[in-house]
Structures are given as structure tokens and as C-alpha cells.
>>> print(open('start.cif').read())   # mmCIF, C-alpha atoms
data_target
#
loop_
_atom_site.group_PDB
_atom_site.id
_atom_site.type_symbol
_atom_site.label_atom_id
_atom_site.label_comp_id
_atom_site.auth_asym_id
_atom_site.auth_seq_id
_atom_site.Cartn_x
_atom_site.Cartn_y
_atom_site.Cartn_z
ATOM 1 C CA ARG A 1 -1.906 -23.495 39.247
ATOM 2 C CA GLY A 2 1.267 -23.167 37.239
ATOM 3 C CA CYS A 3 -0.268 -21.098 34.435
ATOM 4 C CA THR A 4 -2.735 -18.228 34.752
ATOM 5 C CA GLU A 5 -4.364 -16.683 31.710
ATOM 6 C CA GLY A 6 -4.111 -12.886 31.511
ATOM 7 C CA LYS A 7 -6.738 -10.594 30.009
ATOM 8 C CA GLY A 8 -6.487 -7.997 27.237
ATOM 9 C CA ARG A 9 -2.999 -6.912 26.240
ATOM 10 C CA GLU A 10 -1.357 -8.074 29.445
ATOM 11 C CA GLY A 11 -0.634 -11.359 27.728
ATOM 12 C CA ARG A 12 -0.091 -14.618 29.588
ATOM 13 C CA ARG A 13 1.400 -15.219 33.017
ATOM 14 C CA VAL A 14 3.569 -18.338 32.992
ATOM 15 C CA GLY A 15 5.248 -19.602 36.160
ATOM 16 C CA GLY A 16 5.192 -16.199 37.843
ATOM 17 C CA GLY A 17 6.689 -14.429 34.798
ATOM 18 C CA MET A 18 4.929 -12.046 32.415
ATOM 19 C CA THR A 19 5.072 -12.045 28.624
ATOM 20 C CA ARG A 20 3.469 -9.124 26.827
ATOM 21 C CA ASP A 21 1.453 -9.534 23.635
ATOM 22 C CA TYR A 22 2.790 -7.054 21.078
ATOM 23 C CA ARG A 23 0.420 -7.923 18.245
ATOM 24 C CA ASN A 24 -1.388 -4.974 16.705
ATOM 25 C CA ARG A 25 -5.128 -5.549 16.728
ATOM 26 C CA SER A 26 -6.200 -2.197 15.292
ATOM 27 C CA LYS A 27 -8.440 -2.371 12.238
ATOM 28 C CA THR A 28 -6.919 -1.601 8.861
ATOM 29 C CA SER A 29 -10.222 -0.941 7.079
ATOM 30 C CA ARG A 30 -13.724 0.221 7.891
ATOM 31 C CA THR A 31 -16.865 -1.180 6.281
ATOM 32 C CA PRO A 32 -19.429 1.317 4.925
ATOM 33 C CA ARG A 33 -22.314 2.330 7.154
ATOM 34 C CA ARG A 34 -24.796 1.830 4.310
ATOM 35 C CA PRO A 35 -23.826 -1.407 2.558
ATOM 36 C CA PHE A 36 -26.305 -1.095 -0.339
ATOM 37 C CA GLU A 37 -25.877 2.517 -1.437
ATOM 38 C CA LYS A 38 -25.852 2.444 -5.242
ATOM 39 C CA GLU A 39 -23.738 5.546 -5.864
ATOM 40 C CA ARG A 40 -21.017 4.395 -3.485
ATOM 41 C CA ILE A 41 -21.025 0.836 -4.892
ATOM 42 C CA ASP A 42 -20.636 2.154 -8.449
ATOM 43 C CA ALA A 43 -17.814 4.497 -7.433
ATOM 44 C CA GLU A 44 -15.979 1.685 -5.631
ATOM 45 C CA LEU A 45 -16.362 -0.655 -8.603
ATOM 46 C CA GLN A 46 -14.842 1.987 -10.877
ATOM 47 C CA LEU A 47 -11.830 2.314 -8.569
ATOM 48 C CA VAL A 48 -11.430 -1.471 -8.346
ATOM 49 C CA GLY A 49 -11.477 -1.800 -12.140
ATOM 50 C CA LYS A 50 -9.289 1.228 -12.898
ATOM 51 C CA TYR A 51 -6.513 0.352 -10.444
ATOM 52 C CA GLY A 52 -6.762 -3.448 -10.660
ATOM 53 C CA LEU A 53 -7.610 -3.980 -6.996
ATOM 54 C CA LYS A 54 -8.294 -7.401 -5.540
ATOM 55 C CA ASN A 55 -11.480 -6.428 -3.686
ATOM 56 C CA LYS A 56 -13.268 -3.471 -2.157
ATOM 57 C CA ARG A 57 -11.466 -3.941 1.132
ATOM 58 C CA GLU A 58 -8.410 -2.371 -0.513
ATOM 59 C CA VAL A 59 -10.514 0.728 -1.243
ATOM 60 C CA TRP A 60 -11.839 0.781 2.328
ATOM 61 C CA ARG A 61 -8.288 0.496 3.689
ATOM 62 C CA VAL A 62 -7.212 3.579 1.736
ATOM 63 C CA GLN A 63 -10.350 5.414 2.825
ATOM 64 C CA LEU A 64 -9.530 4.741 6.481
ATOM 65 C CA ALA A 65 -5.941 5.952 6.058
ATOM 66 C CA LEU A 66 -7.183 9.078 4.274
ATOM 67 C CA SER A 67 -9.777 9.807 6.972
ATOM 68 C CA LYS A 68 -7.095 9.586 9.692
ATOM 69 C CA ILE A 69 -4.849 12.014 7.809
ATOM 70 C CA ARG A 70 -7.718 14.417 7.174
ATOM 71 C CA SER A 71 -8.864 14.320 10.802
ATOM 72 C CA ALA A 72 -5.300 15.068 11.953
ATOM 73 C CA ALA A 73 -5.149 18.025 9.554
ATOM 74 C CA ARG A 74 -8.552 19.308 10.730
ATOM 75 C CA GLU A 75 -7.443 19.136 14.354
ATOM 76 C CA LEU A 76 -4.274 21.102 13.565
ATOM 77 C CA LEU A 77 -6.250 23.740 11.645
ATOM 78 C CA THR A 78 -8.244 24.523 14.788
ATOM 79 C CA LEU A 79 -5.045 25.745 16.479
ATOM 80 C CA GLU A 80 -3.322 29.098 16.010
ATOM 81 C CA GLU A 81 -0.766 29.317 13.208
ATOM 82 C CA ASN A 82 2.084 29.950 15.626
ATOM 83 C CA HIS A 83 1.019 27.185 18.023
ATOM 84 C CA PRO A 84 3.973 24.813 18.690
ATOM 85 C CA LYS A 85 1.899 21.686 18.053
ATOM 86 C CA ARG A 86 0.584 22.981 14.732
ATOM 87 C CA MET A 87 4.022 24.099 13.604
ATOM 88 C CA PHE A 88 5.762 20.843 14.549
ATOM 89 C CA GLU A 89 3.127 18.222 13.657
ATOM 90 C CA GLY A 90 1.815 20.175 10.663
ATOM 91 C CA SER A 91 5.233 20.446 9.021
ATOM 92 C CA ALA A 92 5.887 16.748 9.754
ATOM 93 C CA LEU A 93 2.579 15.772 8.110
ATOM 94 C CA LEU A 94 3.287 17.899 5.041
ATOM 95 C CA ARG A 95 6.808 16.481 4.710
ATOM 96 C CA ARG A 96 5.467 12.942 4.904
ATOM 97 C CA LEU A 97 2.782 13.528 2.257
ATOM 98 C CA THR A 98 5.287 15.310 0.002
ATOM 99 C CA ARG A 99 7.730 12.409 0.320
ATOM 100 C CA LEU A 100 4.938 10.041 -0.748
ATOM 101 C CA GLY A 101 4.117 12.197 -3.777
ATOM 102 C CA LEU A 102 0.653 13.197 -2.545
ATOM 103 C CA LEU A 103 1.576 16.892 -2.299
ATOM 104 C CA ASP A 104 4.051 19.017 -4.241
ATOM 105 C CA GLU A 105 5.974 22.225 -3.514
ATOM 106 C CA ASN A 106 3.012 24.399 -4.503
ATOM 107 C CA THR A 107 0.590 22.735 -2.068
ATOM 108 C CA GLN A 108 2.520 23.031 1.207
ATOM 109 C CA ALA A 109 -0.466 23.893 3.423
ATOM 110 C CA LEU A 110 -2.823 21.940 5.634
ATOM 111 C CA ASP A 111 -5.796 23.130 3.574
ATOM 112 C CA TYR A 112 -4.553 21.049 0.652
ATOM 113 C CA VAL A 113 -4.488 17.940 2.842
ATOM 114 C CA LEU A 114 -8.286 18.175 3.170
ATOM 115 C CA SER A 115 -8.638 18.100 -0.627
ATOM 116 C CA LEU A 116 -6.831 14.751 -1.033
ATOM 117 C CA LYS A 117 -8.884 11.936 -2.579
ATOM 118 C CA VAL A 118 -8.727 8.147 -2.545
ATOM 119 C CA SER A 119 -7.521 8.133 -6.141
ATOM 120 C CA ASP A 120 -4.470 10.205 -5.126
ATOM 121 C CA PHE A 121 -3.372 7.392 -2.810
ATOM 122 C CA LEU A 122 -4.146 4.685 -5.363
ATOM 123 C CA GLU A 123 -1.952 6.481 -7.908
ATOM 124 C CA ARG A 124 1.042 6.004 -5.598
ATOM 125 C CA ARG A 125 0.629 2.216 -5.371
ATOM 126 C CA LEU A 126 3.444 0.113 -6.774
ATOM 127 C CA GLN A 127 0.966 -1.679 -9.036
ATOM 128 C CA THR A 128 -0.083 1.610 -10.653
ATOM 129 C CA GLN A 129 3.498 2.837 -11.012
ATOM 130 C CA VAL A 130 4.664 -0.408 -12.656
ATOM 131 C CA PHE A 131 1.912 -0.086 -15.254
ATOM 132 C CA LYS A 132 2.603 3.607 -15.899
ATOM 133 C CA LEU A 133 6.320 2.950 -16.345
ATOM 134 C CA GLY A 134 5.507 0.467 -19.114
ATOM 135 C CA LEU A 135 6.871 -2.593 -17.329
ATOM 136 C CA ALA A 136 3.474 -4.320 -17.593
ATOM 137 C CA LYS A 137 0.964 -4.662 -20.420
ATOM 138 C CA SER A 138 -2.026 -3.859 -18.208
ATOM 139 C CA ILE A 139 -2.837 -2.901 -14.634
ATOM 140 C CA HIS A 140 -3.737 -6.529 -13.917
ATOM 141 C CA HIS A 141 -0.495 -7.759 -15.481
ATOM 142 C CA ALA A 142 1.346 -5.381 -13.155
ATOM 143 C CA ARG A 143 -0.221 -7.078 -10.137
ATOM 144 C CA VAL A 144 0.824 -10.512 -11.426
ATOM 145 C CA LEU A 145 4.417 -9.358 -11.968
ATOM 146 C CA ILE A 146 4.623 -7.957 -8.446
ATOM 147 C CA ARG A 147 3.103 -11.009 -6.777
ATOM 148 C CA GLN A 148 5.407 -13.345 -8.712
ATOM 149 C CA ARG A 149 8.459 -11.417 -7.455
ATOM 150 C CA HIS A 150 9.540 -9.867 -10.760
ATOM 151 C CA ILE A 151 9.698 -6.252 -9.489
ATOM 152 C CA ARG A 152 12.211 -4.532 -7.266
ATOM 153 C CA VAL A 153 12.360 -1.006 -5.836
ATOM 154 C CA GLY A 154 16.010 -0.071 -5.620
ATOM 155 C CA LYS A 155 17.811 -3.140 -4.295
ATOM 156 C CA GLN A 156 14.756 -4.491 -2.463
ATOM 157 C CA MET A 157 12.428 -6.991 -4.136
ATOM 158 C CA VAL A 158 8.800 -6.038 -3.375
ATOM 159 C CA ASN A 159 5.885 -8.442 -3.851
ATOM 160 C CA VAL A 160 3.143 -6.264 -2.310
ATOM 161 C CA PRO A 161 0.988 -4.492 -4.946
ATOM 162 C CA SER A 162 -0.267 -1.930 -2.396
ATOM 163 C CA PHE A 163 3.284 -0.796 -1.553
ATOM 164 C CA THR A 164 3.311 3.020 -1.479
ATOM 165 C CA VAL A 165 6.102 4.353 -3.701
ATOM 166 C CA ARG A 166 8.001 7.398 -2.516
ATOM 167 C CA VAL A 167 9.037 10.114 -4.939
ATOM 168 C CA ASP A 168 12.750 9.361 -4.607
ATOM 169 C CA SER A 169 12.129 5.620 -5.116
ATOM 170 C CA GLN A 170 9.950 6.026 -8.192
ATOM 171 C CA LYS A 171 12.886 6.114 -10.628
ATOM 172 C CA HIS A 172 14.346 2.922 -9.126
ATOM 173 C CA ILE A 173 11.427 0.621 -10.021
ATOM 174 C CA GLU A 174 12.863 -2.124 -12.228
ATOM 175 C CA PHE A 175 12.702 -5.826 -12.904
ATOM 176 C CA ALA A 176 14.375 -7.939 -10.236
ATOM 177 C CA LEU A 177 17.801 -9.359 -11.015
ATOM 178 C CA THR A 178 16.467 -12.890 -10.463
ATOM 179 C CA SER A 179 13.561 -12.324 -12.858
ATOM 180 C CA PRO A 180 13.697 -13.626 -16.445
ATOM 181 C CA PHE A 181 12.632 -10.137 -17.543
ATOM 182 C CA GLY A 182 15.629 -8.621 -15.752
ATOM 183 C CA GLY A 183 18.283 -10.902 -17.179
ATOM 184 C CA GLY A 184 17.890 -13.685 -14.663
ATOM 185 C CA ARG A 185 17.386 -17.394 -15.143
ATOM 186 C CA PRO A 186 14.692 -18.280 -17.725
ATOM 187 C CA GLY A 187 11.354 -19.538 -16.473
ATOM 188 C CA ARG A 188 10.266 -23.151 -16.286
ATOM 189 C CA VAL A 189 8.360 -23.160 -19.585
ATOM 190 C CA LYS A 190 11.195 -21.333 -21.353
ATOM 191 C CA ARG A 191 13.777 -23.825 -20.057
ATOM 192 C CA ARG A 192 11.621 -26.728 -21.151
ATOM 193 C CA SER A 193 11.185 -25.343 -24.675
ATOM 194 C CA MET A 194 14.909 -24.617 -24.923
ATOM 195 C CA ALA A 195 15.683 -28.191 -23.871
ATOM 196 C CA LYS A 196 13.349 -29.580 -26.522
ATOM 197 C CA LYS A 197 14.919 -27.416 -29.228
ATOM 198 C CA SER A 198 18.395 -28.508 -28.251
ATOM 199 C CA GLY A 199 17.283 -32.149 -28.269
ATOM 200 C CA GLY A 200 18.134 -32.667 -24.628
ATOM 201 C CA GLY A 201 14.853 -34.375 -23.847
ATOM 202 C CA ASP A 202 13.191 -33.815 -20.509
ATOM 203 C CA GLU A 203 14.964 -31.282 -18.325
ATOM 204 C CA ASP A 204 15.105 -31.877 -14.615
ATOM 205 C CA ASP A 205 16.730 -28.564 -13.810
ATOM 206 C CA GLU A 206 13.800 -27.448 -11.729
#
>>> encode(input="start.cif", output="C-alpha cells")
Amino acid sequence: RGCTEGKGREGRRVGGGMTRDYRNRSKTSRTPRRPFEKERIDAELQLVGKYGLKNKREVWRVQLALSKIRSAARELLTLEENHPKRMFEGSALLRRLTRLGLLDENTQALDYVLSLKVSDFLERRLQTQVFKLGLAKSIHHARVLIRQRHIRVGKQMVNVPSFTVRVDSQKHIEFALTSPFGGGRPGRVKRRSMAKKSGGGDEDDE
């Protein structure tokens, strides 16, 4: 046979050659063990409403990321303070969380990593930052602006509401240059109304 199917990550063997499958199949979220726990459902609904999330899977995704960070910190805390692994990986973890705005200069210790909450991560989302900077009228309006490509971070246009904003990038959140709000070309409805006012009739500039 000219083609033999491989198993697992080995990919597919075609004509004697081998092509590897580099797709990442790891889960990005974890469903709750108890699906009908009232206290947890109420807490998740509050987070969804406060931060304008699309569904609860966005909460579960943050919970999984937080649990991985906390488990890494717990493992490092079991080692001696002068252990090479704790010194190297611990400082790298603290630098990463500080760069993301989850820790500050006064909380540079692994013990503070264990006290992080889901809301701390949700505060660093681009959607939350756009609303807090006053670029949007509401948290839901902020999500619409991001998805419709009106927001840029620095020179890069970002259309992912869950984008985690770094501390040094926070002051560079602005309207995109191509957006009508940032001095770009007016939108379709605006162009149509301008054409009617000028007496140009129907505009086919779309």
C-alpha cells in the first residue's frame, strides 16, 4: 500500500516519508466536577456579567490557567529557598506575572502567587481595559469594538477580547488608524447619510 495511517502524534506516513502532526490538542478549559452546584453557578454568572464574557467557558479557561500557575508555585515552595530550580523558575514566574500586571513590586514572593484570584486575570483582559480607559460606553460595547477591529495595542490591531494586556502595553491601547473612531474612513451608514445630505444619491463606495 502506498499510504499507511500512523497513530497518535506520529502523523501520517506517505510513500515512505513521515510528516509530523504539530497541532496542540491540550485542553484549554476544564468543566466543573459538580455541574449543578448553586454557589459556583451564581459566582460564575456574576463574573460573566461583570466582565462581559461570552460564556462560562471563558471563566473555566482562566480557572485552568490559574490552577496551573498555582500548582507550579506550590511545587517550587516545597523546595529549599537556595535550590537552583526554585531560584531560577521562581524568579521567572514572578517576572512573568509582574509583566502581566498580576503582581507588583511589593508582592515579589511565591506566597502571593497562591493568593491570586480569577478576577485578577479578568481585570487584565483587553475588553476590561478598553472599558476602564473610557474608549467604550459599557463592558459589552468594549467587546463589540474589539471584535469589529476598532482597537489596537501599540501598532498591532487586536480583535481578541481575552487578549492579556501587559503593563507596558496598557498605555498604548487606542483606536485603530483604520477605525472611524480613530480618524479613519467613515462607516457604511455614515457614508450613506453623508451622500444623502450632499444630494449624491445612492453611494456605491462600498
>>> residues_around(input="start.cif", residues="A:Leu77", least_positions_apart="2", cutoff="9 Å", atoms="all atoms listed in the file", output="list in words")
Ala72, Ala73, Arg74, Glu75, Leu79, Glu80, Glu81, Arg86, Gly90, Leu110 and Asp111 of chain A
>>> write_last_selection(input="start.cif", atoms="C-alpha atoms", output="JSON list (two decimals), in the frame of the given file")
[["chain", "number", "residue", "atom", "x", "y", "z"],
["A", 72, "ALA", "CA", -5.30, 15.07, 11.95],
["A", 73, "ALA", "CA", -5.15, 18.02, 9.55],
["A", 74, "ARG", "CA", -8.55, 19.31, 10.73],
["A", 75, "GLU", "CA", -7.44, 19.14, 14.35],
["A", 79, "LEU", "CA", -5.04, 25.74, 16.48],
["A", 80, "GLU", "CA", -3.32, 29.10, 16.01],
["A", 81, "GLU", "CA", -0.77, 29.32, 13.21],
["A", 86, "ARG", "CA", 0.58, 22.98, 14.73],
["A", 90, "GLY", "CA", 1.82, 20.18, 10.66],
["A", 110, "LEU", "CA", -2.82, 21.94, 5.63],
["A", 111, "ASP", "CA", -5.80, 23.13, 3.57]]
>>> residues_around(input="start.cif", residues="stretch 41-53 of chain A", least_positions_apart="4", cutoff="7 Å", atoms="only C-alpha atoms", output="list of chain:residue names")
A:Glu37, A:Glu58, A:Thr128, A:Ile139, A:His140
>>> resolve_selection(input="start.cif", expression="the PyMOL selection byres ((chain A and resi 102) around 10)", output="list in words")
Leu94, Arg96, Leu97, Thr98, Arg99, Leu100, Gly101, Leu103, Asp104, Thr107, Tyr112, Val113, Leu116, Lys117, Asp120, Phe121, Glu123, Arg124, Arg166 and Val167 of chain A
>>> resolve_selection(input="start.cif", expression="the PyMOL selection byres ((chain A and resi 159) around 10)", output="VMD selection string")
chain A and resid 126 to 127 143 to 152 156 to 158 160 to 163
>>> resolve_selection(input="start.cif", expression="the PyMOL selection byres ((chain A and resi 30) around 9)", output="MDAnalysis selection string")
chainID A and resid 27:29 31:33 57 60:61 63:64
>>> write_last_selection(input="start.cif", atoms="C-alpha atoms", output="PDB file, in the frame of the given file")
ATOM      1  CA  LYS A  27      -8.440  -2.371  12.238  1.00  0.00           C
ATOM      2  CA  THR A  28      -6.919  -1.601   8.861  1.00  0.00           C
ATOM      3  CA  SER A  29     -10.222  -0.941   7.079  1.00  0.00           C
ATOM      4  CA  THR A  31     -16.865  -1.180   6.281  1.00  0.00           C
ATOM      5  CA  PRO A  32     -19.429   1.317   4.925  1.00  0.00           C
ATOM      6  CA  ARG A  33     -22.314   2.330   7.154  1.00  0.00           C
ATOM      7  CA  ARG A  57     -11.466  -3.941   1.132  1.00  0.00           C
ATOM      8  CA  TRP A  60     -11.839   0.781   2.328  1.00  0.00           C
ATOM      9  CA  ARG A  61      -8.288   0.496   3.689  1.00  0.00           C
ATOM     10  CA  GLN A  63     -10.350   5.414   2.825  1.00  0.00           C
ATOM     11  CA  LEU A  64      -9.530   4.741   6.481  1.00  0.00           C
TER      12      LEU A  64
END
>>> atom_distance(input="start.cif", atom1="atom CA of A:Phe131", atom2="atom CA of A:Lys56")
20.3 Å
>>> closest_residue(input="start.cif", among="A:Lys54, A:Asp21, A:Val118, A:Ser91", to="A:Ser67", atoms="all atoms listed in the file")
A:Val118
>>> atom_distance(input="start.cif", atom1="atom CA of A:Lys155", atom2="atom CA of A:Ala176")
8.4 Å
